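Everything below belongs to work.txt, which stores compact mmCIF, C-alpha atoms.
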# COMPACT_ATOMS: atom_id res chain seq x y z
CA MET A 1070 -1.45 33.91 115.73
CA ARG A 1071 -1.69 30.15 115.34
CA ILE A 1072 -0.67 27.76 118.11
CA VAL A 1073 -0.45 23.99 117.91
CA ILE A 1074 -0.08 22.04 121.14
CA LEU A 1075 2.46 19.44 120.05
CA GLY A 1076 2.51 17.62 123.39
CA THR A 1077 0.32 17.93 126.45
CA GLY A 1078 1.93 15.45 128.84
CA ALA A 1079 4.31 16.03 131.71
CA GLY A 1080 7.57 14.08 131.90
CA GLY A 1081 7.10 10.55 130.57
CA GLY A 1082 3.85 11.34 128.74
CA LEU A 1083 0.84 9.02 128.73
CA PRO A 1084 1.16 6.10 128.90
CA GLN A 1085 4.44 6.33 130.77
CA TRP A 1086 6.75 3.51 129.71
CA ASN A 1087 7.04 1.86 133.13
CA CYS A 1088 3.68 2.71 134.67
CA GLY A 1089 0.63 0.50 135.12
CA CYS A 1090 -1.63 3.07 136.77
CA PRO A 1091 -5.30 3.16 135.68
CA ASN A 1092 -4.74 6.08 133.29
CA CYS A 1093 -1.76 4.43 131.61
CA LYS A 1094 -3.69 1.17 131.23
CA ALA A 1095 -6.62 3.08 129.75
CA ALA A 1096 -4.35 4.89 127.29
CA ARG A 1097 -2.71 1.64 126.19
CA ALA A 1098 -6.16 0.16 125.62
CA GLY A 1099 -7.22 3.20 123.60
CA ARG A 1100 -9.98 4.18 126.03
CA ILE A 1101 -8.46 7.61 126.72
CA PRO A 1102 -6.11 9.65 124.50
CA SER A 1103 -2.36 9.19 124.76
CA MET A 1104 -0.17 12.26 125.29
CA THR A 1105 3.37 13.08 124.22
CA GLN A 1106 5.53 15.37 126.31
CA SER A 1107 5.06 19.11 126.68
CA SER A 1108 5.76 21.55 123.82
CA ILE A 1109 3.96 23.93 121.46
CA ALA A 1110 4.53 25.41 118.00
CA VAL A 1111 3.60 29.04 117.28
CA SER A 1112 3.37 31.12 114.10
CA ALA A 1113 2.18 34.62 113.25
CA ASN A 1114 1.86 33.96 109.51
CA GLY A 1115 1.39 30.19 109.10
CA THR A 1116 4.75 29.91 107.31
CA ASP A 1117 7.46 30.72 109.85
CA TRP A 1118 7.26 28.74 113.09
CA ALA A 1119 8.80 28.79 116.55
CA LEU A 1120 8.88 25.90 118.99
CA VAL A 1121 8.44 26.59 122.68
CA ASN A 1122 10.21 23.73 124.42
CA ALA A 1123 11.66 20.71 122.64
CA SER A 1124 10.33 17.50 124.12
CA PRO A 1125 11.90 14.04 123.73
CA ASP A 1126 8.92 13.23 121.46
CA LEU A 1127 9.62 16.10 119.08
CA ARG A 1128 10.17 14.10 115.88
CA VAL A 1129 6.81 12.33 116.20
CA GLN A 1130 5.10 15.58 117.18
CA MET A 1131 6.37 17.47 114.14
CA GLN A 1132 5.45 14.59 111.85
CA ALA A 1133 1.83 14.97 112.95
CA VAL A 1134 1.68 18.66 111.91
CA PRO A 1135 1.79 19.19 108.12
CA ALA A 1136 2.71 22.88 108.54
CA LEU A 1137 6.02 21.83 110.12
CA ALA A 1138 7.06 19.57 107.23
CA PRO A 1139 9.93 20.60 104.89
CA ALA A 1140 8.77 22.32 101.70
CA GLU A 1141 12.04 21.56 99.90
CA LEU A 1142 14.71 18.90 99.66
CA ARG A 1143 16.45 20.08 102.81
CA GLY A 1144 15.01 22.65 105.19
CA SER A 1145 12.39 23.44 107.79
CA PRO A 1146 9.81 26.13 108.55
CA ILE A 1147 11.11 26.18 112.14
CA ARG A 1148 12.95 29.45 112.62
CA SER A 1149 13.59 29.29 116.35
CA VAL A 1150 13.29 27.27 119.54
CA LEU A 1151 12.65 28.77 122.99
CA VAL A 1152 13.03 26.74 126.18
CA THR A 1153 11.31 27.76 129.41
CA ASN A 1154 13.49 25.73 131.78
CA GLY A 1155 16.18 23.06 131.74
CA ASP A 1156 13.92 20.08 132.49
CA ILE A 1157 14.64 16.96 130.46
CA ASP A 1158 11.11 16.90 129.02
CA HIS A 1159 11.68 20.42 127.65
CA VAL A 1160 15.21 20.22 126.25
CA ALA A 1161 15.98 16.60 125.25
CA GLY A 1162 14.28 17.15 121.90
CA LEU A 1163 17.03 19.58 120.93
CA LEU A 1164 19.07 16.52 120.00
CA THR A 1165 16.43 15.74 117.37
CA LEU A 1166 17.29 19.07 115.70
CA ARG A 1167 20.98 18.33 115.19
CA GLU A 1168 20.72 17.48 111.47
CA GLY A 1169 22.45 20.55 110.04
CA GLN A 1170 19.51 22.95 110.25
CA ARG A 1171 19.84 26.68 110.90
CA PHE A 1172 17.68 28.13 113.70
CA ASP A 1173 17.96 30.40 116.75
CA LEU A 1174 17.92 28.88 120.23
CA PHE A 1175 16.49 31.30 122.80
CA ALA A 1176 16.76 30.93 126.58
CA THR A 1177 17.72 32.90 129.66
CA PRO A 1178 21.46 33.03 130.43
CA ALA A 1179 20.93 30.62 133.35
CA ILE A 1180 19.25 28.02 131.15
CA HIS A 1181 21.84 28.49 128.42
CA GLY A 1182 24.44 27.77 131.09
CA VAL A 1183 22.74 24.46 131.88
CA LEU A 1184 22.64 23.55 128.18
CA ALA A 1185 26.27 24.53 127.67
CA ASP A 1186 27.34 22.18 130.48
CA ASN A 1187 25.89 19.20 128.60
CA PRO A 1188 28.49 18.02 126.06
CA MET A 1189 25.89 16.08 124.06
CA LEU A 1190 24.22 19.33 123.05
CA GLY A 1191 27.44 20.27 121.31
CA ALA A 1192 25.92 18.26 118.46
CA LEU A 1193 23.96 21.43 117.64
CA ASP A 1194 26.47 23.01 115.24
CA PRO A 1195 27.23 26.53 116.57
CA ARG A 1196 27.78 27.68 112.98
CA LEU A 1197 24.09 26.99 112.35
CA VAL A 1198 22.38 27.21 115.74
CA ALA A 1199 22.80 30.62 117.34
CA ARG A 1200 22.37 30.47 121.12
CA ARG A 1201 20.71 33.73 122.03
CA ASP A 1202 20.48 34.98 125.62
CA VAL A 1203 17.14 36.52 126.55
CA ALA A 1204 16.72 38.95 129.43
CA LEU A 1205 13.61 38.72 131.56
CA ASP A 1206 10.82 41.23 130.94
CA GLN A 1207 12.27 42.38 127.61
CA PRO A 1208 10.29 41.72 124.40
CA PHE A 1209 12.18 40.12 121.50
CA ASP A 1210 11.38 38.76 118.06
CA LEU A 1211 10.88 35.00 118.24
CA ALA A 1212 9.82 34.54 114.60
CA PRO A 1213 8.66 36.89 111.82
CA GLY A 1214 5.72 38.88 113.17
CA LEU A 1215 5.84 37.07 116.52
CA SER A 1216 7.06 38.77 119.69
CA ALA A 1217 7.85 37.03 122.98
CA GLU A 1218 8.64 38.18 126.50
CA LEU A 1219 9.93 35.94 129.28
CA PHE A 1220 8.92 36.48 132.88
CA ALA A 1221 10.05 34.63 135.99
CA VAL A 1222 7.53 32.37 137.71
CA PRO A 1223 7.92 30.47 141.00
CA GLY A 1224 9.74 27.20 140.35
CA LYS A 1225 12.91 25.22 140.95
CA VAL A 1226 16.01 23.96 139.21
CA PRO A 1227 15.77 20.77 137.10
CA LEU A 1228 15.76 17.49 139.01
CA TYR A 1229 19.26 16.59 137.82
CA LEU A 1230 20.62 19.83 139.35
CA GLU A 1231 18.97 19.49 142.74
CA GLY A 1232 21.19 19.49 145.81
CA GLU A 1233 20.43 18.39 149.34
CA ALA A 1234 18.32 21.48 149.99
CA VAL A 1235 15.67 22.20 147.37
CA GLU A 1236 13.86 25.52 147.00
CA THR A 1237 10.61 25.07 145.13
CA GLU A 1238 9.41 28.66 144.76
CA VAL A 1239 12.55 30.34 143.45
CA MET A 1240 11.98 33.41 141.27
CA GLY A 1241 14.65 33.87 138.63
CA GLU A 1242 15.90 32.66 135.27
CA GLN A 1243 15.51 28.91 135.86
CA THR A 1244 11.73 28.74 135.35
CA VAL A 1245 9.93 31.21 133.12
CA GLY A 1246 6.59 31.85 131.51
CA VAL A 1247 6.23 33.26 128.01
CA GLU A 1248 3.98 36.05 126.79
CA LEU A 1249 3.43 35.75 123.04
CA THR A 1250 2.02 38.61 120.95
CA ALA A 1251 1.17 38.82 117.25
CA ASN A 1252 -1.40 40.65 115.15
CA GLY A 1253 -3.03 42.22 118.18
CA ARG A 1254 -3.36 38.93 120.08
CA ARG A 1255 -1.77 38.02 123.43
CA VAL A 1256 -1.22 34.50 124.80
CA LEU A 1257 0.55 33.30 127.96
CA TYR A 1258 2.24 29.91 128.07
CA VAL A 1259 3.26 28.73 131.55
CA PRO A 1260 3.92 24.95 131.55
CA GLY A 1261 5.62 24.94 134.96
CA CYS A 1262 4.70 27.06 137.98
CA ALA A 1263 4.83 26.42 141.74
CA THR A 1264 2.27 29.00 142.95
CA VAL A 1265 -0.14 31.56 141.50
CA PRO A 1266 0.78 34.96 142.98
CA ASP A 1267 -1.40 38.05 142.53
CA TRP A 1268 0.93 39.60 139.98
CA LEU A 1269 0.58 36.54 137.72
CA ARG A 1270 -3.21 36.80 137.82
CA GLN A 1271 -2.90 40.47 136.91
CA ARG A 1272 -0.55 39.70 134.04
CA ALA A 1273 -2.86 37.04 132.65
CA SER A 1274 -5.95 39.24 132.94
CA GLY A 1275 -7.51 39.96 129.57
CA ALA A 1276 -5.29 37.56 127.61
CA ASP A 1277 -6.71 35.87 124.53
CA ALA A 1278 -5.53 32.55 125.94
CA LEU A 1279 -3.70 31.16 128.97
CA LEU A 1280 -1.98 27.77 128.62
CA PHE A 1281 -1.14 26.83 132.20
CA ASP A 1282 0.53 24.12 134.26
CA GLY A 1283 -2.00 21.38 135.03
CA THR A 1284 0.47 18.72 136.16
CA LEU A 1285 -1.50 17.32 139.10
CA TRP A 1286 -5.14 17.56 140.12
CA THR A 1287 -4.29 17.27 143.84
CA ASP A 1288 -0.96 18.03 145.44
CA ASP A 1289 -0.52 14.53 146.91
CA GLU A 1290 -2.09 12.43 144.14
CA MET A 1291 1.14 10.63 143.22
CA VAL A 1292 1.80 9.78 146.87
CA ARG A 1293 -1.74 8.47 147.40
CA ALA A 1294 -1.60 6.44 144.19
CA GLY A 1295 1.70 4.83 145.19
CA LEU A 1296 3.46 6.34 142.15
CA GLY A 1297 6.04 8.41 143.98
CA ALA A 1298 7.08 10.04 147.23
CA LYS A 1299 6.91 13.68 146.12
CA THR A 1300 4.01 16.09 146.15
CA GLY A 1301 3.33 18.38 143.24
CA ARG A 1302 4.59 21.42 145.12
CA ARG A 1303 7.81 19.56 145.95
CA MET A 1304 8.25 19.09 142.19
CA GLY A 1305 7.61 22.79 141.55
CA HIS A 1306 4.03 22.44 140.26
CA VAL A 1307 0.95 24.06 141.77
CA PRO A 1308 -1.99 21.62 141.91
CA VAL A 1309 -5.16 22.32 139.98
CA SER A 1310 -7.57 21.81 142.89
CA GLY A 1311 -7.48 22.47 146.62
CA GLU A 1312 -6.31 25.43 148.64
CA GLY A 1313 -4.07 27.65 146.54
CA GLY A 1314 -4.79 25.58 143.44
CA SER A 1315 -4.88 27.14 140.00
CA LEU A 1316 -8.58 26.37 139.44
CA GLY A 1317 -9.58 28.74 142.21
CA ALA A 1318 -6.71 31.16 141.72
CA PHE A 1319 -7.73 32.07 138.17
CA ASP A 1320 -11.48 31.81 138.75
CA ALA A 1321 -12.15 35.56 138.70
CA VAL A 1322 -9.51 36.43 136.09
CA PRO A 1323 -11.04 37.49 132.75
CA LEU A 1324 -9.62 35.27 130.00
CA SER A 1325 -10.92 34.48 126.53
CA ARG A 1326 -9.63 30.90 126.82
CA ARG A 1327 -7.97 28.95 129.62
CA ILE A 1328 -6.30 25.64 128.83
CA TYR A 1329 -4.48 23.15 131.03
CA VAL A 1330 -1.25 21.69 129.64
CA HIS A 1331 1.66 19.64 131.04
CA LEU A 1332 -0.60 16.94 132.52
CA ASN A 1333 0.88 14.08 134.53
CA ASN A 1334 -0.14 10.50 133.78
CA SER A 1335 -1.73 10.29 137.25
CA ASN A 1336 -4.00 13.29 136.69
CA PRO A 1337 -7.74 12.46 136.39
CA LEU A 1338 -8.09 15.39 133.96
CA VAL A 1339 -6.64 13.15 131.22
CA ASP A 1340 -9.79 11.00 131.39
CA PRO A 1341 -12.60 12.66 129.38
CA ASP A 1342 -15.20 10.92 131.57
CA SER A 1343 -13.80 11.81 135.00
CA PRO A 1344 -15.78 14.00 137.41
CA GLU A 1345 -12.64 16.10 137.94
CA ARG A 1346 -12.56 16.94 134.25
CA ALA A 1347 -16.23 17.85 134.31
CA ARG A 1348 -15.54 20.17 137.24
CA ALA A 1349 -12.65 21.90 135.45
CA GLU A 1350 -14.67 22.30 132.27
CA ALA A 1351 -17.61 23.71 134.24
CA ALA A 1352 -15.17 26.34 135.57
CA GLY A 1353 -14.34 27.36 131.99
CA TRP A 1354 -11.14 25.39 131.44
CA GLN A 1355 -10.30 23.32 128.39
CA ILE A 1356 -8.03 20.32 128.75
CA GLY A 1357 -5.26 20.45 126.17
CA HIS A 1358 -4.59 17.52 123.89
CA ASP A 1359 -1.90 16.65 121.38
CA GLY A 1360 -2.60 18.34 118.07
CA MET A 1361 -4.99 20.92 119.55
CA GLU A 1362 -4.95 24.11 117.48
CA ILE A 1363 -5.56 27.52 119.01
CA VAL A 1364 -6.26 30.59 116.90
CA PRO A 1365 -6.86 33.39 119.41
Would you mind giving the structure from this file in structure tokens?
Amino acid sequence: MRIVILGTGAGGGLPQWNCGCPNCKAARAGRIPSMTQSSIAVSANGTDWALVNASPDLRVQMQAVPALAPAELRGSPIRSVLVTNGDIDHVAGLLTLREGQRFDLFATPAIHGVLADNPMLGALDPRLVARRDVALDQPFDLAPGLSAELFAVPGKVPLYLEGEAVETEVMGEQTVGVELTANGRRVLYVPGCATVPDWLRQRASGADALLFDGTLWTDDEMVRAGLGAKTGRRMGHVPVSGEGGSLGAFDAVPLSRRIYVHLNNSNPLVDPDSPERARAEAAGWQIGHDGMEIVP
């Protein structure tokens, strides 16, 4: 199995277009790496590829990966796209794939319903793009030699579907993790998750790699930095540190590799010289970056 992290950033990436926080300033100055928005590419054979999530930065992301380039006048090695929720930073890139290319679009029925309600996504020609419903906890073929299984994780509906009352730890089809298997290897990709329950730790145990939601270092970091009024948990993301944080939750879970992805621009983990990053790395975590390749 070969995985390329196409984008490591949460919504807006780094630097975010309208943000002057210290991390965004540092990224603009070239002192710390920039990040595009969250997605990965996966292959079992190096020839046929699947995308997991389609970020708004998808065209630039694919351009940076030679294996995703067309090998003929018109075509693509991308055989399928899987989306893990209906968030804008995970589905807007589908509009980049509207240029008459055949591929399968996998999602739960609930997420497909969200996509179907957006008339702009009608630009994906149904004669070429097959929208395939995926049931939870049922393995399916995502690409040649590559199997996937979706499982519900605690989360919430996309921001644009929120009502007056918001549930942030809903278990269902709106927010899912993905278990990828190929050639005897097993990888979990969970870019959005509100808590880390015991069953999730058990599922991750023994995996060759876990790519997990690292949106915020502390639950209230955006509030304290003056960047927003919402905590991480209100946005459906478990913090890395603190009580109930993912750093402690996975501490005793045996994993060959553990990698944080979906990092917000406010997160000190994006700074290679921060003490928070040193702490996470000392605990065995790697901090994902755009273009990072993983061969479990």
Would you mind telling me which residue in A:Asp1359, A:Glu1168, A:Asp1156, A:Glu1290 lies nearest to A:Asn1334 when using only C-alpha atoms?
->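 Among the listed residues, A:Glu1290 lies closest to A:Asn1334.
Nearest to A:Gln1106 of all the residues A:Asn1122, A:Ser1315, A:Ser1343, A:Thr1250 is A:Asn1122, based on all atoms listed in the file.
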Nearest to A:Arg1293: which of A:Ala1221, A:Asn1092, A:Ser1335, A:Leu1120 is it, counting only C-alpha atoms?
-> A:Ser1335
Rounded to one decimal in Å, what is the spacing between atom CA of A:Asn1087 and atom CA of A:Thr1165?
-> 23.0 Å
Residue among A:Gly1076, A:Gly1357, A:Gly1261, A:Pro1266 lying closest to A:Gln1130, counting only C-alpha atoms =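 Among the listed residues, the smallest separation from A:Gln1130 belongs to A:Gly1076.
The smallest atom-to-atom distance between A:Gly1283 and any of A:Ala1351, A:Ala1079, A:Ala1217, A:Leu1193, using all atoms listed in the file, is found for A:Ala1079.
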Nearest to A:Gly1182 among A:Glu1242, A:Asp1342, A:Asp1158, A:Asp1210, with distances taken over all atoms listed in the file: which residue is it?
-> A:Glu1242
For atom CA of A:Ser1145 and atom CA of A:Pro1178, quote the distance in Å rounded to one decimal.
-> 26.2 Å
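Atom CA of A:Leu1163 lies 13.0 Å from atom CA of A:Ala1199.
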Near A:Met1131, counting only C-alpha atoms, which residues have an atom at most 12 Å away, once you skip same-chain residues fewer than 2 positions from it, shown as a VMD selection string?
-> chain A and resid 1073 to 1076 1105 1108 to 1110 1118 to 1120 1123 to 1129 1133 to 1139 1145 to 1147 1162 1165 to 1166 1359 to 1360
Atoms to include: C-alpha atoms. Write the selected residues as an mmCIF file, keeping the file's coordinate frame.
data_model
loop_
_atom_site.group_PDB
_atom_site.id
_atom_site.type_symbol
_atom_site.label_atom_id
_atom_site.label_comp_id
_atom_site.auth_asym_id
_atom_site.auth_seq_id
_atom_site.Cartn_x
_atom_site.Cartn_y
_atom_site.Cartn_z
ATOM 1 C CA VAL A 1073 -0.450 23.990 117.910
ATOM 2 C CA ILE A 1074 -0.080 22.040 121.140
ATOM 3 C CA LEU A 1075 2.460 19.440 120.050
ATOM 4 C CA GLY A 1076 2.510 17.620 123.390
ATOM 5 C CA THR A 1105 3.370 13.080 124.220
ATOM 6 C CA SER A 1108 5.760 21.550 123.820
ATOM 7 C CA ILE A 1109 3.960 23.930 121.460
ATOM 8 C CA ALA A 1110 4.530 25.410 118.000
ATOM 9 C CA TRP A 1118 7.260 28.740 113.090
ATOM 10 C CA ALA A 1119 8.800 28.790 116.550
ATOM 11 C CA LEU A 1120 8.880 25.900 118.990
ATOM 12 C CA ALA A 1123 11.660 20.710 122.640
ATOM 13 C CA SER A 1124 10.330 17.500 124.120
ATOM 14 C CA PRO A 1125 11.900 14.040 123.730
ATOM 15 C CA ASP A 1126 8.920 13.230 121.460
ATOM 16 C CA LEU A 1127 9.620 16.100 119.080
ATOM 17 C CA ARG A 1128 10.170 14.100 115.880
ATOM 18 C CA VAL A 1129 6.810 12.330 116.200
ATOM 19 C CA ALA A 1133 1.830 14.970 112.950
ATOM 20 C CA VAL A 1134 1.680 18.660 111.910
ATOM 21 C CA PRO A 1135 1.790 19.190 108.120
ATOM 22 C CA ALA A 1136 2.710 22.880 108.540
ATOM 23 C CA LEU A 1137 6.020 21.830 110.120
ATOM 24 C CA ALA A 1138 7.060 19.570 107.230
ATOM 25 C CA PRO A 1139 9.930 20.600 104.890
ATOM 26 C CA SER A 1145 12.390 23.440 107.790
ATOM 27 C CA PRO A 1146 9.810 26.130 108.550
ATOM 28 C CA ILE A 1147 11.110 26.180 112.140
ATOM 29 C CA GLY A 1162 14.280 17.150 121.900
ATOM 30 C CA THR A 1165 16.430 15.740 117.370
ATOM 31 C CA LEU A 1166 17.290 19.070 115.700
ATOM 32 C CA ASP A 1359 -1.900 16.650 121.380
ATOM 33 C CA GLY A 1360 -2.600 18.340 118.070
#
All residues 9 Å or closer to A:Arg1302, all atoms listed in the file, same chain fewer than 4 positions away omitted, as a PDB file with C-alpha atoms, in the frame of the given file:
ATOM      1  CA  THR A1237      10.610  25.070 145.130  1.00  0.00           C
ATOM      2  CA  GLU A1238       9.410  28.660 144.760  1.00  0.00           C
ATOM      3  CA  ALA A1263       4.830  26.420 141.740  1.00  0.00           C
ATOM      4  CA  THR A1264       2.270  29.000 142.950  1.00  0.00           C
ATOM      5  CA  ASP A1288      -0.960  18.030 145.440  1.00  0.00           C
ATOM      6  CA  ASP A1289      -0.520  14.530 146.910  1.00  0.00           C
ATOM      7  CA  HIS A1306       4.030  22.440 140.260  1.00  0.00           C
ATOM      8  CA  VAL A1307       0.950  24.060 141.770  1.00  0.00           C
ATOM      9  CA  PRO A1308      -1.990  21.620 141.910  1.00  0.00           C
TER      10      PRO A1308
END
Listed atoms of stretch 1257-1262 of chain A boxed along x, y and z, 6 Å each side, centre and edge lengths in Å, one decimal, as AutoDock Vina command-line options:
--center_x 3.1 --center_y 29.1 --center_z 133.0 --size_x 17.1 --size_y 20.4 --size_z 22.0
Spatial sel., origin (6.2, 42.2, 116.8), limit 10 Å, all atoms listed in the file, listed as a PDB file with C-alpha atoms, keeping the file's coordinate frame:
ATOM      1  CA  ALA A1113       2.180  34.620 113.250  1.00  0.00           C
ATOM      2  CA  PRO A1208      10.290  41.720 124.400  1.00  0.00           C
ATOM      3  CA  PHE A1209      12.180  40.120 121.500  1.00  0.00           C
ATOM      4  CA  ASP A1210      11.380  38.760 118.060  1.00  0.00           C
ATOM      5  CA  LEU A1211      10.880  35.000 118.240  1.00  0.00           C
ATOM      6  CA  ALA A1212       9.820  34.540 114.600  1.00  0.00           C
ATOM      7  CA  PRO A1213       8.660  36.890 111.820  1.00  0.00           C
ATOM      8  CA  GLY A1214       5.720  38.880 113.170  1.00  0.00           C
ATOM      9  CA  LEU A1215       5.840  37.070 116.520  1.00  0.00           C
ATOM     10  CA  SER A1216       7.060  38.770 119.690  1.00  0.00           C
ATOM     11  CA  ALA A1217       7.850  37.030 122.980  1.00  0.00           C
ATOM     12  CA  LEU A1249       3.430  35.750 123.040  1.00  0.00           C
ATOM     13  CA  THR A1250       2.020  38.610 120.950  1.00  0.00           C
ATOM     14  CA  ALA A1251       1.170  38.820 117.250  1.00  0.00           C
ATOM     15  CA  ASN A1252      -1.400  40.650 115.150  1.00  0.00           C
ATOM     16  CA  GLY A1253      -3.030  42.220 118.180  1.00  0.00           C
TER      17      GLY A1253
END
Would you kindly identify which residues have an atom no farther than 7 Å from (6.8, 25.1, 128.3), using only C-alpha atoms and the file's own coordinates, and write them out as an MDAnalysis selection string?
-> chainID A and resid 1107:1108 1121:1122 1152:1153 1159 1258:1261
Would you list the contacts of A:Leu1257 as a ChimeraX atom specification, taking every protein, DNA or RNA residue within 12 Å and counting all atoms listed in the file, but skipping same-chain residues closer than 6 positions in sequence?
-> /A:1072,1109,1111,1121,1216-1220,1245-1250,1269-1282,1324-1330,1365
When you get a chance, write out N, CA and C atoms for stretch 1338-1361 of chain A, as a PDB file, keeping the file's coordinate frame.
ATOM      1  N   LEU A1338      -7.663  14.532 135.060  1.00  0.00           N
ATOM      2  CA  LEU A1338      -8.090  15.390 133.960  1.00  0.00           C
ATOM      3  C   LEU A1338      -7.838  14.747 132.592  1.00  0.00           C
ATOM      4  N   VAL A1339      -6.931  13.768 132.513  1.00  0.00           N
ATOM      5  CA  VAL A1339      -6.640  13.150 131.220  1.00  0.00           C
ATOM      6  C   VAL A1339      -7.758  12.205 130.781  1.00  0.00           C
ATOM      7  N   ASP A1340      -8.662  11.881 131.693  1.00  0.00           N
ATOM      8  CA  ASP A1340      -9.790  11.000 131.390  1.00  0.00           C
ATOM      9  C   ASP A1340     -11.008  11.854 131.044  1.00  0.00           C
ATOM     10  N   PRO A1341     -11.463  11.816 129.777  1.00  0.00           N
ATOM     11  CA  PRO A1341     -12.600  12.660 129.380  1.00  0.00           C
ATOM     12  C   PRO A1341     -13.859  12.411 130.192  1.00  0.00           C
ATOM     13  N   ASP A1342     -13.981  11.252 130.832  1.00  0.00           N
ATOM     14  CA  ASP A1342     -15.200  10.920 131.570  1.00  0.00           C
ATOM     15  C   ASP A1342     -15.086  11.124 133.077  1.00  0.00           C
ATOM     16  N   SER A1343     -13.984  11.677 133.554  1.00  0.00           N
ATOM     17  CA  SER A1343     -13.800  11.810 135.000  1.00  0.00           C
ATOM     18  C   SER A1343     -14.600  12.974 135.553  1.00  0.00           C
ATOM     19  N   PRO A1344     -15.068  12.875 136.792  1.00  0.00           N
ATOM     20  CA  PRO A1344     -15.780  14.000 137.410  1.00  0.00           C
ATOM     21  C   PRO A1344     -14.873  15.218 137.611  1.00  0.00           C
ATOM     22  N   GLU A1345     -13.579  14.983 137.795  1.00  0.00           N
ATOM     23  CA  GLU A1345     -12.640  16.100 137.940  1.00  0.00           C
ATOM     24  C   GLU A1345     -12.578  16.917 136.652  1.00  0.00           C
ATOM     25  N   ARG A1346     -12.577  16.219 135.532  1.00  0.00           N
ATOM     26  CA  ARG A1346     -12.560  16.940 134.250  1.00  0.00           C
ATOM     27  C   ARG A1346     -13.861  17.731 134.063  1.00  0.00           C
ATOM     28  N   ALA A1347     -14.957  17.135 134.411  1.00  0.00           N
ATOM     29  CA  ALA A1347     -16.230  17.850 134.310  1.00  0.00           C
ATOM     30  C   ALA A1347     -16.214  19.099 135.176  1.00  0.00           C
ATOM     31  N   ARG A1348     -15.606  19.001 136.355  1.00  0.00           N
ATOM     32  CA  ARG A1348     -15.540  20.170 137.240  1.00  0.00           C
ATOM     33  C   ARG A1348     -14.677  21.268 136.625  1.00  0.00           C
ATOM     34  N   ALA A1349     -13.523  20.900 136.063  1.00  0.00           N
ATOM     35  CA  ALA A1349     -12.650  21.900 135.450  1.00  0.00           C
ATOM     36  C   ALA A1349     -13.325  22.551 134.255  1.00  0.00           C
ATOM     37  N   GLU A1350     -13.998  21.755 133.449  1.00  0.00           N
ATOM     38  CA  GLU A1350     -14.670  22.300 132.270  1.00  0.00           C
ATOM     39  C   GLU A1350     -15.829  23.209 132.668  1.00  0.00           C
ATOM     40  N   ALA A1351     -16.524  22.865 133.747  1.00  0.00           N
ATOM     41  CA  ALA A1351     -17.610  23.710 134.240  1.00  0.00           C
ATOM     42  C   ALA A1351     -17.080  25.064 134.712  1.00  0.00           C
ATOM     43  N   ALA A1352     -15.804  25.096 135.130  1.00  0.00           N
ATOM     44  CA  ALA A1352     -15.170  26.340 135.570  1.00  0.00           C
ATOM     45  C   ALA A1352     -14.577  27.115 134.398  1.00  0.00           C
ATOM     46  N   GLY A1353     -14.785  26.619 133.175  1.00  0.00           N
ATOM     47  CA  GLY A1353     -14.340  27.360 131.990  1.00  0.00           C
ATOM     48  C   GLY A1353     -13.021  26.922 131.401  1.00  0.00           C
ATOM     49  N   TRP A1354     -12.434  25.855 131.938  1.00  0.00           N
ATOM     50  CA  TRP A1354     -11.140  25.390 131.440  1.00  0.00           C
ATOM     51  C   TRP A1354     -11.331  24.347 130.335  1.00  0.00           C
ATOM     52  N   GLN A1355     -10.446  24.399 129.357  1.00  0.00           N
ATOM     53  CA  GLN A1355     -10.300  23.320 128.390  1.00  0.00           C
ATOM     54  C   GLN A1355      -9.105  22.477 128.802  1.00  0.00           C
ATOM     55  N   ILE A1356      -9.146  21.211 128.460  1.00  0.00           N
ATOM     56  CA  ILE A1356      -8.030  20.320 128.750  1.00  0.00           C
ATOM     57  C   ILE A1356      -7.279  20.114 127.430  1.00  0.00           C
ATOM     58  N   GLY A1357      -6.035  20.551 127.403  1.00  0.00           N
ATOM     59  CA  GLY A1357      -5.260  20.450 126.170  1.00  0.00           C
ATOM     60  C   GLY A1357      -5.083  19.019 125.722  1.00  0.00           C
ATOM     61  N   HIS A1358      -4.883  18.853 124.425  1.00  0.00           N
ATOM     62  CA  HIS A1358      -4.590  17.520 123.890  1.00  0.00           C
ATOM     63  C   HIS A1358      -3.599  17.661 122.750  1.00  0.00           C
ATOM     64  N   ASP A1359      -2.877  16.624 122.464  1.00  0.00           N
ATOM     65  CA  ASP A1359      -1.900  16.650 121.380  1.00  0.00           C
ATOM     66  C   ASP A1359      -2.595  16.981 120.071  1.00  0.00           C
ATOM     67  N   GLY A1360      -2.031  17.931 119.339  1.00  0.00           N
ATOM     68  CA  GLY A1360      -2.600  18.340 118.070  1.00  0.00           C
ATOM     69  C   GLY A1360      -3.640  19.428 118.173  1.00  0.00           C
ATOM     70  N   MET A1361      -3.977  19.847 119.373  1.00  0.00           N
ATOM     71  CA  MET A1361      -4.990  20.920 119.550  1.00  0.00           C
ATOM     72  C   MET A1361      -4.484  22.213 118.944  1.00  0.00           C
TER      73      MET A1361
END
